[in-house]
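One file, data_24.cif, carrying mmCIF, C-alpha atoms:
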```cif
data_start
loop_
_atom_site.group_PDB
_atom_site.id
_atom_site.type_symbol
_atom_site.label_atom_id
_atom_site.label_comp_id
_atom_site.auth_asym_id
_atom_site.auth_seq_id
_atom_site.Cartn_x
_atom_site.Cartn_y
_atom_site.Cartn_z
ATOM 1 C CA MET O 1 0.000 0.000 0.000
ATOM 2 C CA VAL O 2 2.889 2.392 0.755
ATOM 3 C CA ALA O 3 4.371 1.851 -2.719
ATOM 4 C CA LEU O 4 1.053 2.749 -4.308
ATOM 5 C CA ALA O 5 0.832 5.963 -2.273
ATOM 6 C CA ALA O 6 4.411 6.919 -3.194
ATOM 7 C CA GLY O 7 3.693 6.194 -6.847
ATOM 8 C CA GLN O 8 0.556 8.318 -6.760
ATOM 9 C CA HIS O 9 2.465 11.155 -5.101
ATOM 10 C CA LEU O 10 5.160 10.993 -7.795
ATOM 11 C CA LEU O 11 2.576 10.906 -10.576
ATOM 12 C CA SER O 12 0.765 13.880 -9.072
ATOM 13 C CA THR O 13 4.026 15.833 -8.775
ATOM 14 C CA LEU O 14 5.013 15.082 -12.379
ATOM 15 C CA CYS O 15 1.576 16.167 -13.613
ATOM 16 C CA CYS O 16 1.940 19.466 -11.750
ATOM 17 C CA VAL O 17 5.399 20.075 -13.223
ATOM 18 C CA GLN O 18 4.112 19.258 -16.708
ATOM 19 C CA SER O 19 1.238 21.705 -16.229
ATOM 20 C CA LEU O 20 3.585 24.479 -15.070
ATOM 21 C CA LEU O 21 5.899 23.928 -18.012
ATOM 22 C CA HIS O 22 3.038 23.920 -20.508
ATOM 23 C CA ASP O 23 1.179 26.909 -19.079
ATOM 24 C CA PRO O 24 3.361 28.961 -16.706
ATOM 25 C CA ASN O 25 1.812 31.658 -14.520
ATOM 26 C CA VAL O 26 3.583 34.725 -15.909
ATOM 27 C CA ASN O 27 1.573 37.017 -13.605
ATOM 28 C CA SER O 28 3.404 35.656 -10.542
ATOM 29 C CA PRO O 29 6.805 34.579 -11.847
ATOM 30 C CA ALA O 30 9.778 33.200 -9.972
ATOM 31 C CA ASN O 31 11.984 34.687 -12.708
ATOM 32 C CA ASN O 32 10.816 38.128 -13.889
ATOM 33 C CA GLU O 33 13.110 38.247 -16.914
ATOM 34 C CA ALA O 34 11.920 34.846 -18.151
ATOM 35 C CA ALA O 35 8.275 35.856 -17.640
ATOM 36 C CA ARG O 36 8.750 39.094 -19.585
ATOM 37 C CA LEU O 37 10.492 37.258 -22.404
ATOM 38 C CA TYR O 38 7.739 34.606 -22.427
ATOM 39 C CA ARG O 39 5.003 37.254 -22.684
ATOM 40 C CA GLU O 40 6.647 39.668 -25.113
ATOM 41 C CA HIS O 41 8.994 37.582 -27.278
ATOM 42 C CA ARG O 42 7.831 33.974 -27.197
ATOM 43 C CA ARG O 43 10.081 32.751 -30.039
ATOM 44 C CA GLU O 44 13.155 34.254 -28.379
ATOM 45 C CA TYR O 45 12.093 32.638 -25.091
ATOM 46 C CA ASP O 46 11.739 29.221 -26.775
ATOM 47 C CA LYS O 47 15.191 29.571 -28.379
ATOM 48 C CA LYS O 48 16.779 30.536 -25.066
ATOM 49 C CA VAL O 49 15.154 27.610 -23.262
ATOM 50 C CA ALA O 50 16.345 25.205 -25.973
ATOM 51 C CA ALA O 51 19.894 26.590 -25.694
ATOM 52 C CA VAL O 52 19.917 26.223 -21.898
ATOM 53 C CA VAL O 53 18.657 22.639 -22.136
ATOM 54 C CA GLN O 54 21.293 21.790 -24.753
ATOM 55 C CA GLU O 55 24.035 23.362 -22.614
ATOM 56 C CA THR O 56 22.866 21.415 -19.569
ATOM 57 C CA TRP O 57 22.961 18.129 -21.501
ATOM 58 C CA LEU O 58 26.517 18.834 -22.630
ATOM 59 C CA GLU O 59 27.591 19.720 -19.075
ATOM 60 C CA ASP O 60 26.031 16.491 -17.784
ATOM 61 C CA GLU O 61 27.941 14.466 -20.387
ATOM 62 C CA ASP O 62 31.201 16.199 -19.393
ATOM 63 C CA ASP O 63 30.515 15.515 -15.704
ATOM 64 C CA GLU O 64 29.945 11.813 -16.420
ATOM 65 C CA VAL O 65 33.270 11.598 -18.245
ATOM 66 C CA ASP O 66 35.047 13.383 -15.374
ATOM 67 C CA GLU O 67 33.484 11.088 -12.775
ATOM 68 C CA ASN O 68 34.188 7.917 -14.744
ATOM 69 C CA VAL O 69 37.794 8.595 -15.734
ATOM 70 C CA LYS O 70 40.054 10.119 -13.106
ATOM 71 C CA ASP O 71 43.495 9.810 -14.746
ATOM 72 C CA ASP O 72 45.551 7.988 -17.412
ATOM 73 C CA ASP O 73 46.407 5.093 -15.080
ATOM 74 C CA GLU O 74 42.725 4.441 -14.493
ATOM 75 C CA VAL O 75 42.084 4.498 -18.256
ATOM 76 C CA GLU O 76 44.828 1.907 -18.786
ATOM 77 C CA SER O 77 43.480 -0.186 -15.932
ATOM 78 C CA ARG O 78 40.016 -0.161 -17.475
ATOM 79 C CA ARG O 79 41.417 -1.155 -20.847
ATOM 80 C CA GLY O 80 43.147 -4.119 -19.231
ATOM 81 C CA VAL O 81 39.945 -5.246 -17.532
ATOM 82 C CA ASP O 82 37.994 -4.792 -20.768
ATOM 83 C CA SER O 83 40.454 -6.928 -22.728
ATOM 84 C CA MET O 84 40.375 -9.639 -20.048
ATOM 85 C CA LEU O 85 36.586 -9.697 -20.141
ATOM 86 C CA ALA O 86 36.614 -9.829 -23.928
ATOM 87 C CA SER O 87 38.964 -12.830 -23.933
ATOM 88 C CA VAL O 88 36.767 -14.683 -21.420
ATOM 89 C CA SER O 89 33.583 -14.297 -23.417
#
```
This structure in structure tokens:
Amino acid sequence: MVALAAGQHLLSTLCCVQSLLHDPNVNSPANNEAARLYREHRREYDKKVAAVVQETWLEDEDDEVDENVKDDDEVESRRGVDSMLASVS
């Protein structure tokens, strides 16, 4: 029963976020500049949002590389493990 309640809470939260993204309340904004841009220059707003999302994706990819590979010795160590696993299979 607890899992169902948690799932319902998550679904409800995601629906609220989706609603806010689709139809933001520009009369009571958290970000005044974004609200003004949304109201007055919607195409420019959409382009800026797309650019920020793209930049965030690229930063996330860079972070994953940084977290996964610390230095050259670790890269060589991983290559050795990969070749051992390949020879076993």
- Task: Extract, using all atoms listed in the file, all DNA, RNA and protein residues at most 9 Å from Pro24 of chain O, discarding same-chain residues fewer than 5 positions from it, and format them as a list of chain:residue names.
- Result: O:Ser19, O:Pro29, O:Ala35
Set the distance at 12 Å and use all atoms listed in the file: which residues neighbour segment 37-52 of chain O once local chain neighbours fewer than 5 positions away are removed? I'd like the list as a compact mmCIF listing (two decimals) with C-alpha atoms, in the frame of the given file.
```txt
# COMPACT_ATOMS: atom_id res chain seq x y z
CA LEU O 21 5.90 23.93 -18.01
CA HIS O 22 3.04 23.92 -20.51
CA ASP O 23 1.18 26.91 -19.08
CA PRO O 24 3.36 28.96 -16.71
CA ASN O 25 1.81 31.66 -14.52
CA VAL O 26 3.58 34.72 -15.91
CA ASN O 27 1.57 37.02 -13.60
CA PRO O 29 6.80 34.58 -11.85
CA ASN O 31 11.98 34.69 -12.71
CA ASN O 32 10.82 38.13 -13.89
CA TRP O 57 22.96 18.13 -21.50
CA LEU O 58 26.52 18.83 -22.63
CA GLU O 59 27.59 19.72 -19.08
```
- Hey, can you check how far atom CA of Thr56 of chain O sits from atom CA of Ala6 of chain O? 28.6 Å
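Taking atom CA of Glu61 of chain O as the reference point, atom CA of Val17 of chain O is found at 24.3 Å.
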- Tell me, in Å to one decimal, how far atom CA of Ala30 of chain O is from atom CA of Leu10 of chain O.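 About the pair atom CA of Ala30 of chain O and atom CA of Leu10 of chain O: they are 22.8 Å apart.
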Could you give me the centre and size, in Å to one decimal, of an axis-aligned box around all listed atoms of segment 30-34 of chain O with 4 Å added on every side, as AutoDock Vina command-line options?
```
--center_x 11.4 --center_y 35.7 --center_z -14.1 --size_x 11.3 --size_y 13.0 --size_z 16.2
```
Add whatever atoms are absent from segment 15-49 of chain O to reach N, CA and C atoms, and provide the output as a tab-separated table (two decimals), in the frame of the given file.
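Saved to part_39.tsv:
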```
chain	number	residue	atom	x	y	z
O	15	CYS	N	2.67	15.50	-12.91
O	15	CYS	CA	1.58	16.17	-13.61
O	15	CYS	C	1.59	17.67	-13.33
O	16	CYS	N	1.86	18.04	-12.10
O	16	CYS	CA	1.94	19.47	-11.75
O	16	CYS	C	3.09	20.15	-12.48
O	17	VAL	N	4.24	19.51	-12.52
O	17	VAL	CA	5.40	20.08	-13.22
O	17	VAL	C	5.08	20.23	-14.71
O	18	GLN	N	4.47	19.20	-15.29
O	18	GLN	CA	4.11	19.26	-16.71
O	18	GLN	C	3.16	20.42	-16.96
O	19	SER	N	2.19	20.61	-16.08
O	19	SER	CA	1.24	21.70	-16.23
O	19	SER	C	1.93	23.06	-16.14
O	20	LEU	N	2.85	23.22	-15.20
O	20	LEU	CA	3.58	24.48	-15.07
O	20	LEU	C	4.45	24.76	-16.29
O	21	LEU	N	5.06	23.73	-16.83
O	21	LEU	CA	5.90	23.93	-18.01
O	21	LEU	C	5.07	24.28	-19.24
O	22	HIS	N	3.90	23.68	-19.35
O	22	HIS	CA	3.04	23.92	-20.51
O	22	HIS	C	2.34	25.28	-20.44
O	23	ASP	N	1.95	25.67	-19.24
O	23	ASP	CA	1.18	26.91	-19.08
O	23	ASP	C	1.64	27.65	-17.82
O	24	PRO	N	2.82	28.29	-17.89
O	24	PRO	CA	3.36	28.96	-16.71
O	24	PRO	C	2.52	30.18	-16.30
O	25	ASN	N	2.53	30.49	-15.03
O	25	ASN	CA	1.81	31.66	-14.52
O	25	ASN	C	2.76	32.86	-14.61
O	26	VAL	N	2.67	33.59	-15.69
O	26	VAL	CA	3.58	34.72	-15.91
O	26	VAL	C	3.17	35.95	-15.10
O	27	ASN	N	2.01	35.90	-14.44
O	27	ASN	CA	1.57	37.02	-13.60
O	27	ASN	C	2.18	36.96	-12.21
O	28	SER	N	2.76	35.81	-11.84
O	28	SER	CA	3.40	35.66	-10.54
O	28	SER	C	4.67	34.82	-10.74
O	29	PRO	N	5.65	35.37	-11.46
O	29	PRO	CA	6.80	34.58	-11.85
O	29	PRO	C	7.86	34.46	-10.75
O	30	ALA	N	8.60	33.36	-10.82
O	30	ALA	CA	9.78	33.20	-9.97
O	30	ALA	C	10.96	33.92	-10.63
O	31	ASN	N	10.93	34.04	-11.95
O	31	ASN	CA	11.98	34.69	-12.71
O	31	ASN	C	11.34	35.77	-13.58
O	32	ASN	N	11.48	37.02	-13.18
O	32	ASN	CA	10.82	38.13	-13.89
O	32	ASN	C	11.29	38.27	-15.33
O	33	GLU	N	12.58	38.12	-15.55
O	33	GLU	CA	13.11	38.25	-16.91
O	33	GLU	C	12.53	37.18	-17.83
O	34	ALA	N	12.48	35.94	-17.35
O	34	ALA	CA	11.92	34.85	-18.15
O	34	ALA	C	10.44	35.09	-18.44
O	35	ALA	N	9.70	35.58	-17.45
O	35	ALA	CA	8.28	35.86	-17.64
O	35	ALA	C	8.06	36.95	-18.68
O	36	ARG	N	8.87	38.01	-18.60
O	36	ARG	CA	8.75	39.09	-19.58
O	36	ARG	C	9.05	38.59	-20.98
O	37	LEU	N	10.12	37.81	-21.11
O	37	LEU	CA	10.49	37.26	-22.40
O	37	LEU	C	9.40	36.33	-22.94
O	38	TYR	N	8.82	35.52	-22.05
O	38	TYR	CA	7.74	34.61	-22.43
O	38	TYR	C	6.54	35.38	-22.96
O	39	ARG	N	6.17	36.46	-22.28
O	39	ARG	CA	5.00	37.25	-22.68
O	39	ARG	C	5.25	38.05	-23.96
O	40	GLU	N	6.42	38.68	-24.06
O	40	GLU	CA	6.65	39.67	-25.11
O	40	GLU	C	7.37	39.13	-26.34
O	41	HIS	N	8.19	38.11	-26.17
O	41	HIS	CA	8.99	37.58	-27.28
O	41	HIS	C	9.06	36.06	-27.17
O	42	ARG	N	7.94	35.42	-27.44
O	42	ARG	CA	7.83	33.97	-27.20
O	42	ARG	C	8.86	33.16	-27.99
O	43	ARG	N	9.09	33.51	-29.24
O	43	ARG	CA	10.08	32.75	-30.04
O	43	ARG	C	11.48	32.86	-29.45
O	44	GLU	N	11.85	34.05	-29.01
O	44	GLU	CA	13.16	34.25	-28.38
O	44	GLU	C	13.25	33.44	-27.08
O	45	TYR	N	12.15	33.43	-26.32
O	45	TYR	CA	12.09	32.64	-25.09
O	45	TYR	C	12.32	31.16	-25.40
O	46	ASP	N	11.60	30.64	-26.40
O	46	ASP	CA	11.74	29.22	-26.78
O	46	ASP	C	13.17	28.89	-27.20
O	47	LYS	N	13.80	29.79	-27.96
O	47	LYS	CA	15.19	29.57	-28.38
O	47	LYS	C	16.14	29.55	-27.18
O	48	LYS	N	15.91	30.47	-26.24
O	48	LYS	CA	16.78	30.54	-25.07
O	48	LYS	C	16.62	29.28	-24.21
O	49	VAL	N	15.40	28.83	-24.03
O	49	VAL	CA	15.15	27.61	-23.26
O	49	VAL	C	15.84	26.42	-23.94
```
